[in-house]
$ cat my_file.cif   # mmCIF, N, CA and C atoms
data_data
loop_
_atom_site.label_atom_id
_atom_site.label_comp_id
_atom_site.auth_asym_id
_atom_site.auth_seq_id
_atom_site.Cartn_x
_atom_site.Cartn_y
_atom_site.Cartn_z
N MET B 1 95.07 87.57 81.34
CA MET B 1 94.01 88.33 81.94
C MET B 1 94.32 89.81 81.75
N THR B 2 93.34 90.56 81.37
CA THR B 2 93.52 91.99 81.21
C THR B 2 92.76 92.73 82.28
N ALA B 3 93.26 93.90 82.65
CA ALA B 3 92.62 94.68 83.70
C ALA B 3 91.34 95.33 83.19
N ALA B 4 91.34 95.79 81.98
CA ALA B 4 90.15 96.43 81.43
C ALA B 4 90.00 96.02 79.98
N ARG B 5 88.80 95.68 79.62
CA ARG B 5 88.50 95.34 78.24
C ARG B 5 87.47 96.33 77.72
N ILE B 6 87.24 96.30 76.45
CA ILE B 6 86.32 97.25 75.83
C ILE B 6 84.94 97.21 76.47
N ASP B 7 84.42 96.02 76.73
CA ASP B 7 83.06 95.89 77.22
C ASP B 7 82.94 95.86 78.75
N GLN B 8 84.04 96.15 79.46
CA GLN B 8 84.01 96.08 80.91
C GLN B 8 84.51 97.39 81.52
N PRO B 9 83.97 97.77 82.67
CA PRO B 9 84.43 98.99 83.33
C PRO B 9 85.85 98.80 83.88
N ILE B 10 86.54 99.91 84.12
CA ILE B 10 87.93 99.87 84.57
C ILE B 10 88.07 99.20 85.95
N TYR B 11 87.04 99.27 86.76
CA TYR B 11 87.12 98.69 88.10
C TYR B 11 86.89 97.18 88.11
N TRP B 12 86.93 96.57 86.95
CA TRP B 12 86.72 95.13 86.86
C TRP B 12 87.66 94.38 87.80
N ASP B 13 88.92 94.67 87.71
CA ASP B 13 89.91 94.09 88.62
C ASP B 13 90.81 95.23 89.10
N PRO B 14 90.66 95.65 90.35
CA PRO B 14 91.39 96.82 90.83
C PRO B 14 92.87 96.57 91.13
N ARG B 15 93.31 95.33 91.12
CA ARG B 15 94.69 95.04 91.52
C ARG B 15 95.74 95.74 90.68
N PRO B 16 95.65 95.76 89.35
CA PRO B 16 96.69 96.46 88.58
C PRO B 16 96.78 97.94 88.93
N LEU B 17 95.64 98.58 89.12
CA LEU B 17 95.66 99.99 89.49
C LEU B 17 96.26 100.20 90.87
N LEU B 18 95.98 99.30 91.79
CA LEU B 18 96.54 99.40 93.13
C LEU B 18 98.06 99.20 93.11
N PHE B 19 98.55 98.29 92.26
CA PHE B 19 100.00 98.09 92.17
C PHE B 19 100.69 99.30 91.57
N VAL B 20 100.07 99.92 90.58
CA VAL B 20 100.66 101.13 89.99
C VAL B 20 100.69 102.24 91.04
N ALA B 21 99.60 102.40 91.79
CA ALA B 21 99.56 103.42 92.84
C ALA B 21 100.62 103.15 93.91
N SER B 22 100.82 101.89 94.27
CA SER B 22 101.83 101.59 95.29
C SER B 22 103.24 101.82 94.75
N ALA B 23 103.45 101.57 93.46
CA ALA B 23 104.77 101.84 92.86
C ALA B 23 105.06 103.34 92.87
N VAL B 24 104.05 104.13 92.54
CA VAL B 24 104.23 105.59 92.60
C VAL B 24 104.50 106.02 94.04
N GLY B 25 103.81 105.42 94.99
CA GLY B 25 104.04 105.72 96.41
C GLY B 25 105.45 105.37 96.86
N ILE B 26 105.96 104.24 96.39
CA ILE B 26 107.33 103.83 96.74
C ILE B 26 108.33 104.83 96.20
N LEU B 27 108.17 105.21 94.93
CA LEU B 27 109.08 106.19 94.34
C LEU B 27 109.00 107.54 95.04
N ALA B 28 107.79 107.96 95.40
CA ALA B 28 107.62 109.22 96.12
C ALA B 28 108.29 109.15 97.48
N ALA B 29 108.16 108.02 98.18
CA ALA B 29 108.78 107.88 99.49
C ALA B 29 110.30 107.95 99.39
N VAL B 30 110.86 107.30 98.37
CA VAL B 30 112.31 107.35 98.17
C VAL B 30 112.76 108.79 97.96
N LEU B 31 112.04 109.53 97.13
CA LEU B 31 112.39 110.93 96.88
C LEU B 31 112.23 111.78 98.13
N LEU B 32 111.19 111.53 98.91
CA LEU B 32 110.98 112.29 100.13
C LEU B 32 112.05 112.01 101.18
N VAL B 33 112.52 110.77 101.25
CA VAL B 33 113.62 110.45 102.16
C VAL B 33 114.89 111.12 101.68
N ARG B 34 115.12 111.09 100.39
CA ARG B 34 116.31 111.73 99.80
C ARG B 34 116.33 113.23 100.07
N GLN B 35 115.15 113.86 100.03
CA GLN B 35 115.04 115.30 100.29
C GLN B 35 114.92 115.61 101.79
N ARG B 36 114.98 114.59 102.61
CA ARG B 36 114.89 114.69 104.08
C ARG B 36 113.56 115.26 104.55
N VAL B 37 112.51 114.99 103.78
CA VAL B 37 111.15 115.37 104.18
C VAL B 37 110.54 114.24 105.00
N LEU B 38 110.89 113.02 104.66
CA LEU B 38 110.40 111.82 105.33
C LEU B 38 111.59 111.15 106.00
N SER B 39 111.46 110.83 107.30
CA SER B 39 112.57 110.18 108.00
C SER B 39 112.74 108.73 107.53
N ARG B 40 113.93 108.23 107.70
CA ARG B 40 114.19 106.84 107.32
C ARG B 40 113.32 105.89 108.14
N VAL B 41 113.15 106.18 109.43
CA VAL B 41 112.36 105.30 110.30
C VAL B 41 110.93 105.20 109.77
N ARG B 42 110.34 106.35 109.43
CA ARG B 42 108.97 106.31 108.90
C ARG B 42 108.93 105.59 107.56
N ALA B 43 109.94 105.78 106.74
CA ALA B 43 109.99 105.08 105.45
C ALA B 43 110.09 103.57 105.67
N TYR B 44 110.90 103.14 106.63
CA TYR B 44 111.01 101.71 106.92
C TYR B 44 109.66 101.15 107.39
N VAL B 45 108.99 101.89 108.28
CA VAL B 45 107.70 101.43 108.80
C VAL B 45 106.67 101.35 107.67
N LEU B 46 106.63 102.38 106.82
CA LEU B 46 105.71 102.35 105.68
C LEU B 46 106.03 101.19 104.74
N GLY B 47 107.31 100.95 104.50
CA GLY B 47 107.71 99.83 103.64
C GLY B 47 107.34 98.49 104.23
N ILE B 48 107.52 98.34 105.53
CA ILE B 48 107.13 97.10 106.20
C ILE B 48 105.62 96.89 106.07
N GLY B 49 104.87 97.95 106.29
CA GLY B 49 103.41 97.86 106.14
C GLY B 49 103.00 97.49 104.73
N LEU B 50 103.66 98.07 103.74
CA LEU B 50 103.33 97.77 102.35
C LEU B 50 103.67 96.32 102.00
N MET B 51 104.84 95.84 102.43
CA MET B 51 105.20 94.45 102.14
C MET B 51 104.26 93.48 102.83
N LEU B 52 103.87 93.78 104.07
CA LEU B 52 102.90 92.92 104.76
C LEU B 52 101.56 92.94 104.03
N THR B 53 101.17 94.11 103.53
CA THR B 53 99.93 94.21 102.76
C THR B 53 100.00 93.35 101.51
N TYR B 54 101.12 93.43 100.78
CA TYR B 54 101.29 92.60 99.58
C TYR B 54 101.18 91.12 99.91
N ILE B 55 101.93 90.68 100.91
CA ILE B 55 102.01 89.26 101.23
C ILE B 55 100.68 88.74 101.78
N LEU B 56 100.10 89.47 102.73
CA LEU B 56 98.85 89.01 103.34
C LEU B 56 97.68 89.10 102.36
N SER B 57 97.67 90.10 101.50
CA SER B 57 96.60 90.20 100.50
C SER B 57 96.70 89.06 99.50
N TRP B 58 97.90 88.73 99.11
CA TRP B 58 98.10 87.60 98.19
C TRP B 58 97.59 86.31 98.83
N ALA B 59 97.93 86.10 100.11
CA ALA B 59 97.48 84.89 100.80
C ALA B 59 95.95 84.88 100.91
N TYR B 60 95.38 86.02 101.25
CA TYR B 60 93.91 86.09 101.36
C TYR B 60 93.26 85.85 100.01
N TRP B 61 93.84 86.38 98.96
CA TRP B 61 93.31 86.19 97.60
C TRP B 61 93.18 84.72 97.27
N HIS B 62 94.21 83.95 97.63
CA HIS B 62 94.20 82.52 97.30
C HIS B 62 93.41 81.68 98.32
N LEU B 63 93.44 82.06 99.58
CA LEU B 63 92.76 81.26 100.59
C LEU B 63 91.25 81.51 100.62
N ALA B 64 90.83 82.74 100.37
CA ALA B 64 89.40 83.07 100.46
C ALA B 64 88.67 82.77 99.16
N GLY B 65 89.40 82.60 98.11
CA GLY B 65 88.76 82.40 96.81
C GLY B 65 88.67 83.73 96.09
N HIS B 66 89.03 83.72 94.86
CA HIS B 66 89.14 84.96 94.10
C HIS B 66 87.82 85.70 93.98
N THR B 67 86.73 84.97 93.84
CA THR B 67 85.45 85.64 93.66
C THR B 67 84.95 86.29 94.95
N VAL B 68 85.47 85.88 96.10
CA VAL B 68 85.11 86.53 97.35
C VAL B 68 85.74 87.92 97.41
N VAL B 69 86.93 88.06 96.87
CA VAL B 69 87.65 89.32 96.91
C VAL B 69 87.09 90.31 95.90
N VAL B 70 86.79 89.86 94.71
CA VAL B 70 86.18 90.70 93.67
C VAL B 70 84.86 90.04 93.26
N PRO B 71 83.80 90.24 94.04
CA PRO B 71 82.55 89.50 93.82
C PRO B 71 81.83 89.88 92.54
N TRP B 72 82.12 91.03 91.95
CA TRP B 72 81.42 91.43 90.74
C TRP B 72 81.90 90.67 89.51
N ILE B 73 82.99 89.91 89.64
CA ILE B 73 83.47 89.10 88.54
C ILE B 73 82.69 87.79 88.55
N GLN B 74 81.99 87.50 87.48
CA GLN B 74 81.24 86.26 87.41
C GLN B 74 82.09 85.25 86.66
N ARG B 75 82.49 84.25 87.37
CA ARG B 75 83.35 83.21 86.79
C ARG B 75 82.66 81.86 86.94
N THR B 76 83.25 80.93 86.26
CA THR B 76 82.79 79.56 86.47
C THR B 76 83.25 79.13 87.86
N PRO B 77 82.53 78.24 88.49
CA PRO B 77 82.94 77.83 89.83
C PRO B 77 84.37 77.30 89.84
N GLU B 78 85.11 77.78 90.81
CA GLU B 78 86.51 77.36 90.94
C GLU B 78 86.56 76.07 91.75
N PRO B 79 87.57 75.27 91.50
CA PRO B 79 87.70 74.06 92.31
C PRO B 79 87.94 74.42 93.77
N SER B 80 87.32 73.67 94.64
CA SER B 80 87.49 73.96 96.06
C SER B 80 88.89 73.51 96.50
N HIS B 81 89.40 74.25 97.45
CA HIS B 81 90.72 73.94 97.99
C HIS B 81 90.54 73.25 99.35
N ASP B 82 90.37 71.95 99.31
CA ASP B 82 90.19 71.19 100.54
C ASP B 82 91.52 70.64 101.00
N THR B 83 92.45 71.53 101.27
CA THR B 83 93.78 71.12 101.70
C THR B 83 94.26 72.08 102.77
N ASN B 84 95.38 71.75 103.35
CA ASN B 84 96.01 72.60 104.35
C ASN B 84 96.33 73.95 103.71
N PRO B 85 95.99 75.07 104.37
CA PRO B 85 96.25 76.39 103.78
C PRO B 85 97.72 76.62 103.43
N LEU B 86 98.62 76.10 104.25
CA LEU B 86 100.05 76.28 103.94
C LEU B 86 100.44 75.51 102.68
N PHE B 87 99.88 74.33 102.50
CA PHE B 87 100.15 73.57 101.28
C PHE B 87 99.57 74.27 100.06
N LEU B 88 98.39 74.85 100.24
CA LEU B 88 97.76 75.58 99.14
C LEU B 88 98.62 76.77 98.70
N LEU B 89 99.10 77.55 99.67
CA LEU B 89 99.94 78.70 99.34
C LEU B 89 101.27 78.24 98.72
N ALA B 90 101.84 77.18 99.25
CA ALA B 90 103.09 76.65 98.68
C ALA B 90 102.85 76.17 97.25
N GLU B 91 101.71 75.57 97.01
CA GLU B 91 101.35 75.10 95.67
C GLU B 91 101.28 76.28 94.69
N HIS B 92 100.70 77.39 95.13
CA HIS B 92 100.62 78.58 94.28
C HIS B 92 102.01 79.20 94.07
N LEU B 93 102.85 79.16 95.08
CA LEU B 93 104.21 79.71 94.93
C LEU B 93 105.02 78.92 93.92
N VAL B 94 104.89 77.61 93.97
CA VAL B 94 105.65 76.75 93.06
C VAL B 94 105.01 76.71 91.68
N GLY B 95 103.69 76.74 91.65
CA GLY B 95 102.98 76.62 90.38
C GLY B 95 103.06 77.85 89.51
N SER B 96 103.30 79.00 90.10
CA SER B 96 103.38 80.24 89.34
C SER B 96 104.74 80.89 89.60
N PRO B 97 105.63 80.88 88.61
CA PRO B 97 106.94 81.49 88.81
C PRO B 97 106.85 82.97 89.21
N ILE B 98 105.88 83.69 88.67
CA ILE B 98 105.73 85.11 89.03
C ILE B 98 105.39 85.25 90.51
N ASP B 99 104.48 84.41 91.00
CA ASP B 99 104.14 84.43 92.43
C ASP B 99 105.36 84.10 93.28
N GLY B 100 106.09 83.07 92.88
CA GLY B 100 107.26 82.66 93.66
C GLY B 100 108.32 83.75 93.73
N VAL B 101 108.61 84.37 92.60
CA VAL B 101 109.63 85.43 92.56
C VAL B 101 109.16 86.65 93.33
N SER B 102 107.92 87.06 93.11
CA SER B 102 107.44 88.29 93.77
C SER B 102 107.33 88.11 95.28
N LYS B 103 106.82 86.98 95.73
CA LYS B 103 106.68 86.78 97.18
C LYS B 103 108.05 86.60 97.84
N THR B 104 108.99 86.00 97.13
CA THR B 104 110.35 85.89 97.66
C THR B 104 110.97 87.28 97.79
N ALA B 105 110.84 88.11 96.77
CA ALA B 105 111.39 89.47 96.81
C ALA B 105 110.72 90.30 97.90
N GLU B 106 109.41 90.19 98.02
CA GLU B 106 108.69 90.95 99.04
C GLU B 106 109.08 90.50 100.45
N THR B 107 109.25 89.21 100.64
CA THR B 107 109.66 88.70 101.95
C THR B 107 111.08 89.15 102.28
N LEU B 108 111.97 89.09 101.30
CA LEU B 108 113.34 89.56 101.54
C LEU B 108 113.36 91.05 101.86
N LEU B 109 112.59 91.85 101.12
CA LEU B 109 112.54 93.28 101.41
C LEU B 109 111.96 93.53 102.79
N LEU B 110 110.94 92.78 103.18
CA LEU B 110 110.37 92.90 104.51
C LEU B 110 111.43 92.64 105.58
N LEU B 111 112.21 91.57 105.41
CA LEU B 111 113.26 91.25 106.38
C LEU B 111 114.35 92.33 106.41
N ILE B 112 114.71 92.85 105.25
CA ILE B 112 115.72 93.91 105.19
C ILE B 112 115.21 95.17 105.89
N LEU B 113 113.96 95.54 105.65
CA LEU B 113 113.40 96.73 106.30
C LEU B 113 113.31 96.56 107.81
N VAL B 114 112.94 95.37 108.26
CA VAL B 114 112.90 95.11 109.70
C VAL B 114 114.31 95.22 110.28
N ALA B 115 115.32 94.67 109.60
CA ALA B 115 116.69 94.76 110.07
C ALA B 115 117.17 96.21 110.11
N LEU B 116 116.84 96.99 109.09
CA LEU B 116 117.23 98.40 109.07
C LEU B 116 116.55 99.18 110.19
N LEU B 117 115.28 98.90 110.42
CA LEU B 117 114.56 99.57 111.51
C LEU B 117 115.16 99.18 112.85
N TYR B 118 115.46 97.92 113.02
CA TYR B 118 116.10 97.45 114.25
C TYR B 118 117.45 98.14 114.45
N GLU B 119 118.22 98.25 113.39
CA GLU B 119 119.53 98.92 113.46
C GLU B 119 119.38 100.39 113.86
N GLU B 120 118.36 101.05 113.35
CA GLU B 120 118.13 102.46 113.71
C GLU B 120 117.88 102.60 115.21
N TYR B 121 117.13 101.69 115.78
CA TYR B 121 116.78 101.81 117.19
C TYR B 121 117.83 101.26 118.14
N THR B 122 118.70 100.40 117.67
CA THR B 122 119.72 99.84 118.56
C THR B 122 121.08 100.49 118.38
N SER B 123 121.20 101.44 117.47
CA SER B 123 122.50 102.06 117.23
C SER B 123 122.88 103.05 118.32
N GLY B 124 121.93 103.40 119.17
CA GLY B 124 122.25 104.30 120.27
C GLY B 124 122.20 105.76 119.89
N THR B 125 121.86 106.06 118.66
CA THR B 125 121.73 107.45 118.23
C THR B 125 120.27 107.76 117.98
N ASP B 126 119.99 109.03 117.86
CA ASP B 126 118.63 109.46 117.54
C ASP B 126 118.30 109.01 116.12
N PRO B 127 117.25 108.20 115.91
CA PRO B 127 116.93 107.69 114.57
C PRO B 127 116.66 108.79 113.55
N SER B 128 116.27 109.97 114.00
CA SER B 128 115.97 111.02 113.04
C SER B 128 117.23 111.73 112.54
N GLN B 129 118.35 111.47 113.17
CA GLN B 129 119.61 112.11 112.79
C GLN B 129 120.39 111.21 111.84
N SER B 130 121.22 111.83 111.05
CA SER B 130 122.09 111.09 110.15
C SER B 130 123.24 110.49 110.95
N ARG B 131 123.84 109.46 110.42
CA ARG B 131 124.98 108.84 111.10
C ARG B 131 126.26 109.65 110.95
N LEU B 132 126.28 110.54 110.00
CA LEU B 132 127.49 111.36 109.80
C LEU B 132 127.57 112.40 110.90
N THR B 133 128.78 112.60 111.40
CA THR B 133 128.98 113.63 112.40
C THR B 133 129.34 114.93 111.72
N ALA B 134 129.05 116.01 112.40
CA ALA B 134 129.31 117.32 111.82
C ALA B 134 130.80 117.63 111.78
N ASP B 135 131.59 116.97 112.64
CA ASP B 135 133.02 117.29 112.74
C ASP B 135 133.87 116.61 111.69
N SER B 136 133.45 115.48 111.19
CA SER B 136 134.29 114.76 110.24
C SER B 136 133.56 114.60 108.92
N PRO B 137 134.20 114.93 107.82
CA PRO B 137 133.53 114.86 106.51
C PRO B 137 133.24 113.43 106.06
N ASP B 138 134.01 112.48 106.51
CA ASP B 138 133.78 111.09 106.06
C ASP B 138 132.89 110.31 107.00
N GLY B 139 132.44 110.92 108.09
CA GLY B 139 131.53 110.23 109.00
C GLY B 139 132.20 109.41 110.06
N SER B 140 133.53 109.33 110.04
CA SER B 140 134.22 108.52 111.04
C SER B 140 134.39 109.32 112.31
N GLU B 141 134.28 108.63 113.43
CA GLU B 141 134.45 109.29 114.72
C GLU B 141 135.89 109.14 115.13
N GLU B 142 136.41 110.17 115.74
CA GLU B 142 137.82 110.14 116.15
C GLU B 142 137.95 109.95 117.62
#

$ encode --input "my_file.cif" --output "structure tokens"
Amino acid sequence: MTAARIDQPIYWDPRPLLFVASAVGILAAVLLVRQRVLSRVRAYVLGIGLMLTYILSWAYWHLAGHTVVVPWIQRTPEPSHDTNPLFLLAEHLVGSPIDGVSKTAETLLLLILVALLYEEYTSGTDPSQSRLTADSPDGSEE
């Protein structure tokens, strides 16, 4: 499947453009955190939101039917999915290696970001501050 063909407008399928935009956003966020313009806590929250968007959008894409999401695409009728939604999603995860790998990576990143956010709030320090102390160059407390 191609995002744009000669005889079709670029907005035929917006998903590739949205993924490129989100990749640029991820790289920009990493640079902003590195430059201390964006706090780690906000970056974690934004990352959690993005991973949830990826996962839930993928589920909606498959559960609602592709033509419901992009109605301007005229396709042949798709087979109806008269099965348990969890089985349907599992079928798509197993049936498409790309889906399985990407959703596994997104879920793992979501869990890592939640753990990092939890660590920021339970460490007992101000989340906006670095863990390094001003008195010791290696960050260890004496």

$ closest_residue --input "my_file.cif" --among "B:Gln35, B:Ile98, B:Val41, B:Gly47" --to "Ala23 of chain B" --atoms "only C-alpha atoms"
B:Gly47

$ residues_around --input "my_file.cif" --residues "Arg42 of chain B" --least-positions-apart "4" --cutoff "12 Å" --atoms "only C-alpha atoms" --output "list in words"
Ala29, Val30, Leu32, Val33, Arg36, Val37, Leu38, Leu46, Gly47, Ile48, Gly49, Leu113, Val114, Leu116, Leu117, Glu120, Pro127 and Ser128 of chain B

$ write_last_selection --input "my_file.cif" --atoms "N, CA and C atoms" --output "compact mmCIF listing (two decimals), in the coordinates of the input"
# COMPACT_ATOMS: atom_id res chain seq x y z
N ALA B 29 108.16 108.02 98.18
CA ALA B 29 108.78 107.88 99.49
C ALA B 29 110.30 107.95 99.39
N VAL B 30 110.86 107.30 98.37
CA VAL B 30 112.31 107.35 98.17
C VAL B 30 112.76 108.79 97.96
N LEU B 32 111.19 111.53 98.91
CA LEU B 32 110.98 112.29 100.13
C LEU B 32 112.05 112.01 101.18
N VAL B 33 112.52 110.77 101.25
CA VAL B 33 113.62 110.45 102.16
C VAL B 33 114.89 111.12 101.68
N ARG B 36 114.98 114.59 102.61
CA ARG B 36 114.89 114.69 104.08
C ARG B 36 113.56 115.26 104.55
N VAL B 37 112.51 114.99 103.78
CA VAL B 37 111.15 115.37 104.18
C VAL B 37 110.54 114.24 105.00
N LEU B 38 110.89 113.02 104.66
CA LEU B 38 110.40 111.82 105.33
C LEU B 38 111.59 111.15 106.00
N LEU B 46 106.63 102.38 106.82
CA LEU B 46 105.71 102.35 105.68
C LEU B 46 106.03 101.19 104.74
N GLY B 47 107.31 100.95 104.50
CA GLY B 47 107.71 99.83 103.64
C GLY B 47 107.34 98.49 104.23
N ILE B 48 107.52 98.34 105.53
CA ILE B 48 107.13 97.10 106.20
C ILE B 48 105.62 96.89 106.07
N GLY B 49 104.87 97.95 106.29
CA GLY B 49 103.41 97.86 106.14
C GLY B 49 103.00 97.49 104.73
N LEU B 113 113.96 95.54 105.65
CA LEU B 113 113.40 96.73 106.30
C LEU B 113 113.31 96.56 107.81
N VAL B 114 112.94 95.37 108.26
CA VAL B 114 112.90 95.11 109.70
C VAL B 114 114.31 95.22 110.28
N LEU B 116 116.84 96.99 109.09
CA LEU B 116 117.23 98.40 109.07
C LEU B 116 116.55 99.18 110.19
N LEU B 117 115.28 98.90 110.42
CA LEU B 117 114.56 99.57 111.51
C LEU B 117 115.16 99.18 112.85
N GLU B 120 118.36 101.05 113.35
CA GLU B 120 118.13 102.46 113.71
C GLU B 120 117.88 102.60 115.21
N PRO B 127 117.25 108.20 115.91
CA PRO B 127 116.93 107.69 114.57
C PRO B 127 116.66 108.79 113.55
N SER B 128 116.27 109.97 114.00
CA SER B 128 115.97 111.02 113.04
C SER B 128 117.23 111.73 112.54

$ atom_distance --input "my_file.cif" --atom1 "atom N of Ala59 of chain B" --atom2 "atom N of Leu93 of chain B"
9.9 Å

$ atom_distance --input "my_file.cif" --atom1 "atom N of Pro14 of chain B" --atom2 "atom N of Ala90 of chain B"
23.4 Å

$ atom_distance --input "my_file.cif" --atom1 "atom CA of Gly25 of chain B" --atom2 "atom CA of Ser123 of chain B"
28.1 Å

$ axis_aligned_box --input "my_file.cif" --around "segment 41-53 of chain B" --padding-each-side "6 Å" --output "AutoDock Vina command-line options"
--center_x 106.5 --center_y 99.6 --center_z 105.9 --size_x 25.2 --size_y 25.4 --size_z 20.8

$ resolve_selection --input "my_file.cif" --expression "the PyMOL selection byres (((chain B and resi 85 and name CA) around 12) and name CA)" --output "number ranges by chain"
B: 59-65, 80-84, 86-92

$ closest_residue --input "my_file.cif" --among "B:Val101, B:Leu31, B:Leu50, B:Ala43" --to "Leu18 of chain B" --atoms "only C-alpha atoms"
B:Leu50
